[in-house]
file start07.txt (compact mmCIF, C-alpha atoms)
# COMPACT_ATOMS: atom_id res chain seq x y z
CA MET A 1392 -177.96 75.45 -97.78
CA ALA A 1393 -180.48 73.25 -99.52
CA VAL A 1394 -180.08 69.87 -101.12
CA GLN A 1395 -182.87 68.12 -102.98
CA VAL A 1396 -183.29 64.47 -101.97
CA LYS A 1397 -185.13 62.22 -104.42
CA VAL A 1398 -186.87 59.31 -102.69
CA PRO A 1399 -187.82 56.05 -104.45
CA THR A 1400 -191.43 54.80 -104.43
CA ILE A 1401 -190.65 52.08 -101.92
CA LEU A 1402 -189.51 54.61 -99.27
CA ARG A 1403 -192.18 57.28 -99.81
CA THR A 1404 -194.18 55.98 -96.88
CA TYR A 1405 -191.66 57.96 -94.80
CA THR A 1406 -192.18 61.20 -96.75
CA GLY A 1407 -195.95 61.22 -96.88
CA GLY A 1408 -195.81 60.16 -100.52
CA ALA A 1409 -193.48 62.98 -101.59
CA LYS A 1410 -191.07 62.11 -104.45
CA ALA A 1411 -188.49 64.60 -103.21
CA VAL A 1412 -187.73 66.45 -99.98
CA GLU A 1413 -185.36 69.30 -99.11
CA ALA A 1414 -182.68 68.90 -96.50
CA SER A 1415 -179.30 70.26 -95.49
CA GLY A 1416 -175.93 68.90 -94.41
CA ASP A 1417 -172.26 69.22 -95.33
CA THR A 1418 -171.92 65.50 -95.81
CA LEU A 1419 -174.26 62.72 -96.85
CA ASP A 1420 -174.22 61.50 -93.24
CA ALA A 1421 -175.35 64.90 -91.92
CA LEU A 1422 -177.94 65.21 -94.68
CA LEU A 1423 -179.52 61.86 -93.85
CA SER A 1424 -179.69 62.80 -90.16
CA ASP A 1425 -181.42 66.04 -91.11
CA VAL A 1426 -183.90 64.14 -93.31
CA ASP A 1427 -184.52 61.71 -90.48
CA SER A 1428 -185.39 64.54 -88.07
CA ARG A 1429 -188.51 65.23 -90.17
CA HIS A 1430 -189.08 61.82 -91.72
CA GLU A 1431 -188.27 59.48 -88.88
CA GLY A 1432 -187.13 56.00 -89.83
CA LEU A 1433 -185.92 56.78 -93.34
CA ARG A 1434 -182.24 56.84 -92.37
CA GLY A 1435 -182.58 53.45 -90.74
CA ARG A 1436 -183.74 51.94 -94.04
CA LEU A 1437 -180.65 53.20 -95.85
CA ILE A 1438 -177.96 52.29 -93.36
CA SER A 1439 -177.24 48.80 -92.11
CA GLU A 1440 -176.33 47.70 -88.60
CA ASP A 1441 -172.60 48.11 -89.17
CA GLY A 1442 -173.16 51.79 -89.98
CA SER A 1443 -172.42 51.59 -93.71
CA LEU A 1444 -174.79 52.11 -96.62
CA HIS A 1445 -177.22 49.23 -97.09
CA ARG A 1446 -175.90 46.81 -99.71
CA PHE A 1447 -179.04 47.11 -101.86
CA VAL A 1448 -179.29 50.90 -101.63
CA ASN A 1449 -177.54 53.15 -104.14
CA VAL A 1450 -177.18 56.86 -103.42
CA TYR A 1451 -176.02 59.36 -106.02
CA ILE A 1452 -174.88 62.99 -105.69
CA ASN A 1453 -175.66 64.74 -108.96
CA ASN A 1454 -175.83 61.29 -110.59
CA GLU A 1455 -172.43 60.05 -109.30
CA ASP A 1456 -172.43 57.02 -106.97
CA VAL A 1457 -171.47 58.12 -103.43
CA ARG A 1458 -169.53 54.90 -102.87
CA PHE A 1459 -166.87 56.46 -105.15
CA LEU A 1460 -167.11 59.88 -103.47
CA GLY A 1461 -166.45 58.89 -99.85
CA ALA A 1462 -169.73 57.08 -99.08
CA LEU A 1463 -171.40 58.63 -96.00
CA GLU A 1464 -168.56 61.16 -95.74
CA ALA A 1465 -169.18 62.40 -99.31
CA PRO A 1466 -169.24 66.22 -99.26
CA LEU A 1467 -172.34 68.17 -100.29
CA LYS A 1468 -172.86 71.73 -101.42
CA ASP A 1469 -175.82 74.02 -101.92
CA GLY A 1470 -177.91 73.06 -104.94
CA ASP A 1471 -176.78 69.42 -105.11
CA THR A 1472 -179.31 66.70 -105.90
CA VAL A 1473 -179.15 63.43 -103.97
CA THR A 1474 -180.93 60.47 -105.55
CA ILE A 1475 -181.73 57.32 -103.57
CA LEU A 1476 -182.45 54.16 -105.57
CA PRO A 1477 -182.79 50.47 -104.76
CA ALA A 1478 -180.24 48.24 -106.51
CA VAL A 1479 -181.94 46.40 -109.36
CA ALA A 1480 -180.70 44.25 -112.22
CA GLY A 1481 -179.55 46.73 -114.84
CA GLY A 1482 -180.51 46.67 -118.47
CA SER A 1483 -177.51 48.09 -120.30
CA ALA A 1484 -178.66 46.28 -123.41
CA SER A 1485 -178.27 43.05 -121.50
CA MET B 689 -161.44 40.08 -143.41
CA ARG B 690 -162.34 36.43 -143.98
CA PHE B 691 -163.76 33.98 -141.40
CA ASP B 692 -164.81 30.31 -141.48
CA SER B 693 -168.31 31.14 -140.20
CA LEU B 694 -170.40 33.98 -138.83
CA VAL B 695 -169.67 32.95 -135.23
CA ASP B 696 -165.94 33.18 -135.93
CA SER B 697 -166.34 36.83 -136.96
CA VAL B 698 -167.45 38.03 -133.50
CA GLY B 699 -165.38 41.00 -132.28
CA HIS B 700 -162.67 42.90 -134.21
CA THR B 701 -164.91 45.98 -134.20
CA PRO B 702 -163.75 49.43 -135.37
CA LEU B 703 -162.73 52.23 -133.02
CA VAL B 704 -163.67 55.61 -134.49
CA GLY B 705 -162.83 59.13 -133.35
CA LEU B 706 -165.49 61.76 -132.67
CA PRO B 707 -164.08 64.92 -134.28
CA HIS B 708 -167.16 67.02 -133.53
CA LEU B 709 -168.01 65.97 -129.95
CA SER B 710 -164.41 65.82 -128.69
CA PRO B 711 -163.78 69.03 -126.74
CA SER B 712 -160.18 69.64 -127.87
CA ALA B 713 -157.19 68.16 -129.68
CA ASP B 714 -155.87 66.95 -126.31
CA VAL B 715 -159.13 65.56 -124.95
CA ARG B 716 -160.56 63.14 -127.45
CA LEU B 717 -163.47 60.71 -127.53
CA TRP B 718 -163.36 57.35 -129.31
CA ALA B 719 -166.34 55.09 -130.03
CA LYS B 720 -166.00 51.28 -130.09
CA LEU B 721 -168.63 50.25 -132.64
CA GLU B 722 -170.05 47.05 -131.16
CA GLN B 723 -173.08 47.18 -133.45
CA ASN B 724 -170.67 45.78 -136.05
CA ASN B 725 -170.89 42.37 -134.39
CA PRO B 726 -172.86 39.62 -136.21
CA THR B 727 -176.20 40.17 -134.43
CA GLY B 728 -175.62 43.88 -133.93
CA SER B 729 -174.52 44.22 -130.32
CA ILE B 730 -171.63 43.81 -127.89
CA LYS B 731 -173.44 40.78 -126.41
CA ASP B 732 -172.16 38.50 -129.17
CA ARG B 733 -168.89 38.37 -127.24
CA PRO B 734 -170.19 37.07 -123.86
CA ALA B 735 -172.76 34.84 -125.61
CA LEU B 736 -170.08 33.08 -127.61
CA TRP B 737 -167.68 32.81 -124.65
CA MET B 738 -170.40 31.48 -122.30
CA VAL B 739 -171.55 28.81 -124.77
CA ALA B 740 -167.96 27.77 -125.53
CA ALA B 741 -167.17 27.52 -121.80
CA ALA B 742 -170.28 25.38 -121.15
CA GLU B 743 -169.30 23.09 -124.04
CA LYS B 744 -165.78 22.78 -122.69
CA GLU B 745 -167.15 21.89 -119.24
CA GLY B 746 -169.43 19.25 -120.81
CA ARG B 747 -172.61 21.02 -119.66
CA LEU B 748 -173.91 21.35 -123.24
CA GLN B 749 -174.49 18.56 -125.75
CA PRO B 750 -176.32 18.65 -129.10
CA GLY B 751 -180.04 19.01 -128.34
CA SER B 752 -179.51 20.69 -124.97
CA THR B 753 -181.88 23.47 -123.85
CA VAL B 754 -180.33 26.78 -122.79
CA LEU B 755 -182.28 29.14 -120.49
CA GLU B 756 -181.45 32.82 -119.93
CA PRO B 757 -183.00 35.92 -118.32
CA THR B 758 -182.37 38.75 -120.79
CA SER B 759 -183.92 42.05 -121.77
CA GLY B 760 -182.87 41.52 -125.34
CA ASN B 761 -179.38 41.69 -126.74
CA THR B 762 -177.86 38.74 -124.88
CA GLY B 763 -180.86 36.67 -125.89
CA ILE B 764 -180.49 37.67 -129.53
CA SER B 765 -176.77 36.80 -129.48
CA LEU B 766 -177.42 33.49 -127.72
CA ALA B 767 -180.22 32.67 -130.16
CA MET B 768 -177.86 33.02 -133.10
CA VAL B 769 -175.02 31.06 -131.44
CA CYS B 770 -177.37 28.33 -130.13
CA ALA B 771 -179.05 27.91 -133.53
CA GLN B 772 -175.63 27.49 -135.15
CA ARG B 773 -174.55 24.91 -132.54
CA GLY B 774 -177.83 22.95 -132.39
CA TYR B 775 -179.21 24.01 -128.98
CA ARG B 776 -182.74 25.08 -128.05
CA LEU B 777 -182.96 28.51 -126.33
CA VAL B 778 -185.61 29.75 -123.89
CA CYS B 779 -185.38 33.47 -122.95
CA VAL B 780 -187.11 35.09 -119.99
CA MET B 781 -187.68 38.80 -120.67
CA PRO B 782 -189.72 41.66 -119.16
CA GLU B 783 -192.94 42.30 -121.10
CA ASN B 784 -192.11 46.03 -121.49
CA THR B 785 -189.13 45.54 -123.82
CA SER B 786 -189.38 46.68 -127.44
CA SER B 787 -191.25 44.60 -130.02
CA GLU B 788 -188.24 44.53 -132.34
CA ARG B 789 -186.29 42.57 -129.74
CA ARG B 790 -189.06 39.98 -129.51
CA GLN B 791 -189.26 39.66 -133.29
CA LEU B 792 -185.50 39.22 -133.58
CA LEU B 793 -185.43 36.55 -130.87
CA LEU B 794 -188.20 34.58 -132.56
CA MET B 795 -186.53 34.97 -135.97
CA TRP B 796 -183.30 33.42 -134.67
CA GLY B 797 -185.33 30.56 -133.22
CA ALA B 798 -185.58 31.38 -129.51
CA GLU B 799 -188.67 30.78 -127.36
CA ILE B 800 -189.81 33.62 -125.08
CA VAL B 801 -191.26 33.50 -121.57
CA SER B 802 -192.52 36.94 -120.47
CA SER B 803 -191.93 38.25 -116.96
CA PRO B 804 -193.94 41.13 -115.42
CA ALA B 805 -192.92 44.68 -116.39
CA ALA B 806 -192.91 45.79 -112.75
CA GLY B 807 -189.53 44.82 -111.36
CA GLY B 808 -187.76 44.88 -114.73
CA SER B 809 -184.79 42.60 -115.16
CA ASN B 810 -184.90 41.75 -111.45
CA GLU B 811 -188.14 39.91 -112.03
CA ALA B 812 -186.81 38.22 -115.20
CA VAL B 813 -183.90 36.86 -113.18
CA ALA B 814 -186.26 35.59 -110.47
CA VAL B 815 -188.58 33.90 -113.01
CA ALA B 816 -185.63 32.30 -114.81
CA LYS B 817 -184.29 30.93 -111.53
CA ARG B 818 -187.71 29.37 -110.80
CA ILE B 819 -187.90 27.77 -114.26
CA ALA B 820 -184.35 26.46 -113.89
CA ALA B 821 -185.35 24.75 -110.64
CA GLU B 822 -188.29 23.07 -112.44
CA HIS B 823 -186.06 21.86 -115.30
CA PRO B 824 -182.81 20.60 -113.81
CA ASP B 825 -181.66 19.31 -117.21
CA TRP B 826 -181.78 22.81 -118.77
CA VAL B 827 -178.61 24.88 -118.76
CA MET B 828 -178.83 28.41 -117.44
CA LEU B 829 -175.72 30.27 -118.59
CA TYR B 830 -176.66 33.16 -116.27
CA GLN B 831 -174.83 36.19 -117.66
CA TYR B 832 -174.95 38.05 -114.31
CA GLY B 833 -172.74 35.48 -112.60
CA ASN B 834 -170.93 33.60 -115.36
CA PRO B 835 -167.18 34.39 -115.36
CA ALA B 836 -167.04 33.68 -119.13
CA ASN B 837 -169.02 36.93 -119.53
CA TRP B 838 -166.26 39.17 -118.19
CA VAL B 839 -163.50 36.92 -119.56
CA SER B 840 -164.86 37.53 -123.08
CA HIS B 841 -164.07 41.23 -122.66
CA TYR B 842 -160.78 40.57 -120.89
CA GLU B 843 -159.69 38.42 -123.85
CA SER B 844 -161.21 40.33 -126.78
CA THR B 845 -162.65 43.84 -126.20
CA GLY B 846 -159.82 44.97 -123.91
CA PRO B 847 -156.90 43.86 -126.11
CA GLU B 848 -158.60 45.31 -129.21
CA LEU B 849 -158.98 48.68 -127.48
CA LEU B 850 -155.38 48.81 -126.31
CA ALA B 851 -154.05 47.79 -129.73
CA ASP B 852 -156.04 50.56 -131.43
CA LEU B 853 -155.53 53.22 -128.74
CA PRO B 854 -152.27 52.66 -126.79
CA THR B 855 -152.67 56.19 -125.29
CA ILE B 856 -156.05 55.34 -123.71
CA THR B 857 -156.73 57.15 -120.41
CA HIS B 858 -160.43 56.36 -119.81
CA PHE B 859 -162.79 53.51 -120.60
CA VAL B 860 -166.54 54.16 -120.30
CA ALA B 861 -169.23 51.49 -120.69
CA GLY B 862 -172.73 50.60 -119.57
CA LEU B 863 -173.28 48.80 -116.28
CA GLY B 864 -175.79 45.97 -116.53
CA THR B 865 -174.36 42.52 -115.97
CA THR B 866 -171.11 44.44 -115.31
CA GLY B 867 -169.24 42.02 -117.62
CA THR B 868 -167.89 44.64 -120.04
CA LEU B 869 -166.55 46.89 -117.29
CA MET B 870 -165.12 44.03 -115.21
CA GLY B 871 -163.39 42.40 -118.20
CA VAL B 872 -162.06 45.46 -120.03
CA GLY B 873 -161.40 47.17 -116.69
CA ARG B 874 -159.25 44.33 -115.33
CA PHE B 875 -157.33 44.05 -118.60
CA LEU B 876 -156.62 47.78 -118.87
CA ARG B 877 -155.69 48.14 -115.19
CA GLU B 878 -153.00 45.48 -115.73
CA GLN B 879 -151.67 47.21 -118.84
CA VAL B 880 -152.23 50.95 -118.37
CA PRO B 881 -151.21 52.52 -115.03
CA GLY B 882 -153.73 55.11 -113.83
CA VAL B 883 -156.41 54.24 -116.39
CA LYS B 884 -159.92 55.35 -115.33
CA ILE B 885 -162.76 52.84 -115.60
CA VAL B 886 -166.14 54.58 -115.65
CA ALA B 887 -169.59 53.01 -115.42
CA ALA B 888 -172.81 54.48 -116.83
CA GLU B 889 -175.85 52.88 -115.28
CA PRO B 890 -179.30 53.48 -116.74
CA GLN B 891 -181.72 55.17 -114.34
CA TYR B 892 -185.28 54.12 -115.13
CA GLY B 893 -188.66 55.42 -114.01
CA ASP B 894 -190.42 54.46 -110.80
CA LEU B 895 -192.08 51.37 -112.28
CA VAL B 896 -188.79 49.53 -112.70
CA TYR B 897 -187.79 50.18 -109.09
CA GLY B 898 -191.11 48.82 -107.80
CA LEU B 899 -189.57 46.42 -105.33
CA ARG B 900 -191.69 45.37 -102.39
CA ASN B 901 -188.69 45.55 -100.10
CA ILE B 902 -185.16 46.93 -100.24
CA ASP B 903 -183.88 43.46 -99.34
CA GLU B 904 -185.19 42.16 -102.67
CA GLY B 905 -182.54 44.21 -104.46
CA PHE B 906 -180.08 42.68 -106.86
CA ILE B 907 -176.36 43.09 -107.49
CA PRO B 908 -174.82 40.95 -110.23
CA GLU B 909 -172.46 38.34 -108.81
CA LEU B 910 -169.82 39.53 -111.30
CA TYR B 911 -169.74 43.06 -109.87
CA ASP B 912 -166.51 44.11 -108.16
CA ALA B 913 -166.59 47.82 -107.30
CA SER B 914 -162.79 47.93 -106.90
CA VAL B 915 -162.42 47.67 -110.70
CA LEU B 916 -164.26 50.97 -111.20
CA THR B 917 -163.04 54.54 -110.81
CA THR B 918 -166.56 55.92 -110.61
CA ARG B 919 -170.14 55.19 -111.55
CA TYR B 920 -172.88 57.45 -112.94
CA SER B 921 -176.63 56.95 -112.98
CA ILE B 922 -178.04 58.44 -116.20
CA ASP B 923 -181.75 58.98 -116.82
CA HIS B 924 -183.55 58.72 -120.14
CA VAL B 925 -183.58 62.50 -120.65
CA ASP B 926 -179.77 62.78 -120.82
CA ALA B 927 -179.44 59.44 -122.62
CA LEU B 928 -181.86 60.51 -125.36
CA ARG B 929 -180.26 63.92 -125.80
CA ARG B 930 -176.82 62.36 -126.27
CA THR B 931 -178.13 59.59 -128.53
CA ARG B 932 -179.51 62.29 -130.84
CA GLN B 933 -176.26 64.30 -130.69
CA LEU B 934 -174.27 61.21 -131.62
CA VAL B 935 -176.22 60.63 -134.83
CA GLU B 936 -176.62 64.33 -135.71
CA GLN B 937 -173.00 65.35 -135.14
CA GLU B 938 -171.00 62.19 -135.75
CA GLY B 939 -173.34 60.10 -137.91
CA ILE B 940 -173.37 57.21 -135.43
CA PHE B 941 -176.86 55.70 -135.15
CA ALA B 942 -176.79 54.06 -131.72
CA GLY B 943 -179.23 52.58 -129.22
CA ILE B 944 -180.39 54.69 -126.29
CA SER B 945 -178.13 53.17 -123.63
CA THR B 946 -175.16 54.37 -125.69
CA GLY B 947 -176.42 57.94 -125.22
CA GLY B 948 -176.12 57.42 -121.47
CA ILE B 949 -172.58 56.13 -121.88
CA LEU B 950 -171.66 59.12 -124.06
CA HIS B 951 -173.07 61.41 -121.36
CA ALA B 952 -170.71 59.87 -118.80
CA ALA B 953 -167.79 60.04 -121.28
CA LEU B 954 -168.43 63.76 -121.83
CA ALA B 955 -168.53 64.34 -118.05
CA GLN B 956 -165.05 62.77 -117.85
CA ALA B 957 -163.92 64.92 -120.79
CA ASP B 958 -165.09 68.05 -118.90
CA LYS B 959 -163.10 66.96 -115.84
CA ALA B 960 -159.96 66.44 -117.96
CA ILE B 961 -160.35 69.88 -119.55
CA ALA B 962 -160.84 71.49 -116.12
CA ALA B 963 -157.75 69.71 -114.79
CA GLY B 964 -155.69 70.63 -117.86
CA GLU B 965 -154.93 66.97 -118.58
CA ARG B 966 -154.79 65.15 -121.90
CA ALA B 967 -157.30 62.34 -122.34
CA ASP B 968 -158.15 59.59 -124.81
CA ILE B 969 -161.58 58.45 -123.71
CA ALA B 970 -162.87 55.24 -125.30
CA PHE B 971 -166.54 54.37 -124.86
CA VAL B 972 -168.75 51.52 -125.98
CA VAL B 973 -171.48 51.82 -128.58
CA CYS B 974 -173.49 48.82 -127.35
CA ASP B 975 -175.78 48.47 -130.34
CA GLY B 976 -177.39 50.37 -133.22
CA GLY B 977 -180.66 52.26 -132.96
CA TRP B 978 -182.69 49.95 -135.20
CA LYS B 979 -184.26 47.92 -132.39
CA TYR B 980 -185.52 51.06 -130.65
CA LEU B 981 -187.25 52.85 -133.54
CA SER B 982 -190.69 51.81 -132.26
CA THR B 983 -190.00 53.47 -128.89
CA GLY B 984 -190.27 56.87 -130.61
CA ALA B 985 -186.77 57.81 -129.47
CA TYR B 986 -185.65 59.13 -132.84
CA SER B 987 -188.75 60.95 -134.12
CA GLY B 988 -190.44 64.21 -133.18
CA THR B 989 -189.05 66.64 -130.64
CA LEU B 990 -186.78 65.59 -127.79
CA GLU B 991 -189.63 66.27 -125.35
CA GLU B 992 -192.01 63.97 -127.26
CA ALA B 993 -189.36 61.24 -127.34
CA GLN B 994 -188.71 61.62 -123.60
CA GLU B 995 -192.38 61.23 -122.86
CA ALA B 996 -192.66 58.18 -125.11
CA LEU B 997 -189.77 56.51 -123.31
CA GLU B 998 -191.11 57.04 -119.79
CA GLY B 999 -191.60 53.68 -118.07
CA GLN B 1000 -189.92 51.63 -120.83
CA LEU B 1001 -186.85 49.49 -120.35
CA TRP B 1002 -184.78 51.64 -122.68
CA ALA B 1003 -181.40 50.07 -121.99

call {"tool": "encode", "arguments": {"input": "start07.txt", "output": "structure tokens"}}
result
Amino acid sequence: MAVQVKVPTILRTYTGGAKAVEASGDTLDALLSDVDSRHEGLRGRLISEDGSLHRFVNVYINNEDVRFLGALEAPLKDGDTVTILPAVAGGSAS
Amino acid sequence: MRFDSLVDSVGHTPLVGLPHLSPSADVRLWAKLEQNNPTGSIKDRPALWMVAAAEKEGRLQPGSTVLEPTSGNTGISLAMVCAQRGYRLVCVMPENTSSERRQLLLMWGAEIVSSPAAGGSNEAVAVAKRIAAEHPDWVMLYQYGNPANWVSHYESTGPELLADLPTITHFVAGLGTTGTLMGVGRFLREQVPGVKIVAAEPQYGDLVYGLRNIDEGFIPELYDASVLTTRYSIDHVDALRRTRQLVEQEGIFAGISTGGILHAALAQADKAIAAGERADIAFVVCDGGWKYLSTGAYSGTLEEAQEALEGQLWA
């Protein structure tokens, strides 16, 4: 199974500049481990010492925030898109 | 309806059904028309509540200077309220926001300090915090952390929605300061068991996420994830498509962030249909489309508009 992982500018040093990489895994946790096997260090930037998602990192599966889908245990299926973004001050007509 | 002054007329906006975009008689969409506020956006509510709270606390006196990081609408609302109450307003805004917003701010008497486009609102917040430190006598209302922001929606937007739509099952709004979702969300959760509170967050291009380090990220102090049922990140492609659908099919001429909110509302409608459940989904129309005409969002093909919007702060 293949999942597309979109990587933000700030983390592309780990992917040789690539905006997106392919990976596999039944859960977000497994997917990030798979990504890390080819792009070493990336996982460590997304997960904090206590093992949870970094406070200032948002991860979305098909545009839905994984924190509402089970966080690292969020299930994945073939063809899903995972988007990683740093948390920034939103606009929302603010 | 009659009011003593323009400021007193904030709120009381219409809730209108979407007969063409609603998927069925049992799954219906409802638009809360916040562009009907005095300066044309939902931000009139938090602006008025934040100023009133600062007055009550004695932080504002006639002649005071108010400082605020804002990408537009909050600044415009504050400019109107401050001008009416006799305060000077200084707004810090990213240089890549639309020219209409700048013109409106200046027209209502605000002064503008530009912050770099790279970094978006993050950078505006940082610049405003620096200026505040240099001018201890200025009052930063700080919409991202001021409880009066969410309280304005808890006391006005939420009760209006429930009065107009007692059968409400979903509330969908944009996630920026998080004030709308926190305020309406808390109110509805107290009143409507099982109500779903859904956030639509704008997803920008790479430029806006140009942080030097993940640790420089920003989460509004007002944000409490436990209020939300779920949260979507919507890019400008989907937001634009829905913004166009809204005006073409329902006649509602809205700003681009509203298209993103509609996209999230329709995703919830699909889920309700799939689950065979009835739904009354209310969503926020944050503002009208007027301020975004110069972005090219409403002219030419969808592809041309998408290209024009790339790299702009469209919400």

call {"tool": "residues_near_point", "arguments": {"input": "start07.txt", "point": "(-179.2, 68.7, -96.4)", "cutoff": "12 Å", "atoms": "only C-alpha atoms", "output": "CSV table (one decimal) with C-alpha atoms, in the coordinates of the input"}}
result
chain,number,residue,atom,x,y,z
A,1392,MET,CA,-178.0,75.4,-97.8
A,1393,ALA,CA,-180.5,73.2,-99.5
A,1394,VAL,CA,-180.1,69.9,-101.1
A,1395,GLN,CA,-182.9,68.1,-103.0
A,1396,VAL,CA,-183.3,64.5,-102.0
A,1397,LYS,CA,-185.1,62.2,-104.4
A,1412,VAL,CA,-187.7,66.4,-100.0
A,1413,GLU,CA,-185.4,69.3,-99.1
A,1414,ALA,CA,-182.7,68.9,-96.5
A,1415,SER,CA,-179.3,70.3,-95.5
A,1416,GLY,CA,-175.9,68.9,-94.4
A,1417,ASP,CA,-172.3,69.2,-95.3
A,1418,THR,CA,-171.9,65.5,-95.8
A,1419,LEU,CA,-174.3,62.7,-96.8
A,1420,ASP,CA,-174.2,61.5,-93.2
A,1421,ALA,CA,-175.4,64.9,-91.9
A,1422,LEU,CA,-177.9,65.2,-94.7
A,1423,LEU,CA,-179.5,61.9,-93.8
A,1424,SER,CA,-179.7,62.8,-90.2
A,1425,ASP,CA,-181.4,66.0,-91.1
A,1426,VAL,CA,-183.9,64.1,-93.3
A,1427,ASP,CA,-184.5,61.7,-90.5
A,1428,SER,CA,-185.4,64.5,-88.1
A,1429,ARG,CA,-188.5,65.2,-90.2
A,1452,ILE,CA,-174.9,63.0,-105.7
A,1466,PRO,CA,-169.2,66.2,-99.3
A,1467,LEU,CA,-172.3,68.2,-100.3
A,1468,LYS,CA,-172.9,71.7,-101.4
A,1469,ASP,CA,-175.8,74.0,-101.9
A,1470,GLY,CA,-177.9,73.1,-104.9
A,1471,ASP,CA,-176.8,69.4,-105.1
A,1472,THR,CA,-179.3,66.7,-105.9
A,1473,VAL,CA,-179.2,63.4,-104.0

call {"tool": "interface_residues", "arguments": {"input": "start07.txt", "of": "chain A", "to": "chain B", "cutoff": "10 Å", "atoms": "all atoms listed in the file", "output": "number ranges by chain"}}
result
A: 1399-1402, 1410, 1436-1437, 1445-1460, 1474, 1476-1485

call {"tool": "closest_residue", "arguments": {"input": "start07.txt", "among": "B:Phe859, B:Tyr830, B:Phe875, B:Tyr980", "to": "Leu910 of chain B", "atoms": "all atoms listed in the file"}}
result
B:Tyr830

call {"tool": "residues_around", "arguments": {"input": "start07.txt", "residues": "segment 791-796 of chain B", "least_positions_apart": "2", "cutoff": "9 Å", "atoms": "all atoms listed in the file", "output": "ChimeraX atom specification"}}
result
/B:760-761,763-765,767-768,771,779,787-789,798-800,979

call {"tool": "residues_around", "arguments": {"input": "start07.txt", "residues": "segment 986-991 of chain B", "least_positions_apart": "4", "cutoff": "8 Å", "atoms": "all atoms listed in the file", "output": "ChimeraX atom specification"}}
result
/B:928-929,932,981,995

call {"tool": "axis_aligned_box", "arguments": {"input": "start07.txt", "around": "segment 1416-1430 of chain A", "padding_each_side": "8 Å", "output": "AutoDock Vina command-line options"}}
result
--center_x -180.5 --center_y 65.4 --center_z -92.5 --size_x 33.2 --size_y 23.7 --size_z 24.8

call {"tool": "atom_distance", "arguments": {"input": "start07.txt", "atom1": "atom CA of Val973 of chain B", "atom2": "atom CA of Ala742 of chain B"}}
result
27.5 Å

call {"tool": "atom_distance", "arguments": {"input": "start07.txt", "atom1": "atom CA of Asn725 of chain B", "atom2": "atom CA of Thr701 of chain B"}}
result
7.0 Å

call {"tool": "atom_distance", "arguments": {"input": "start07.txt", "atom1": "atom CA of Leu706 of chain B", "atom2": "atom CA of Ala942 of chain B"}}
result
13.7 Å
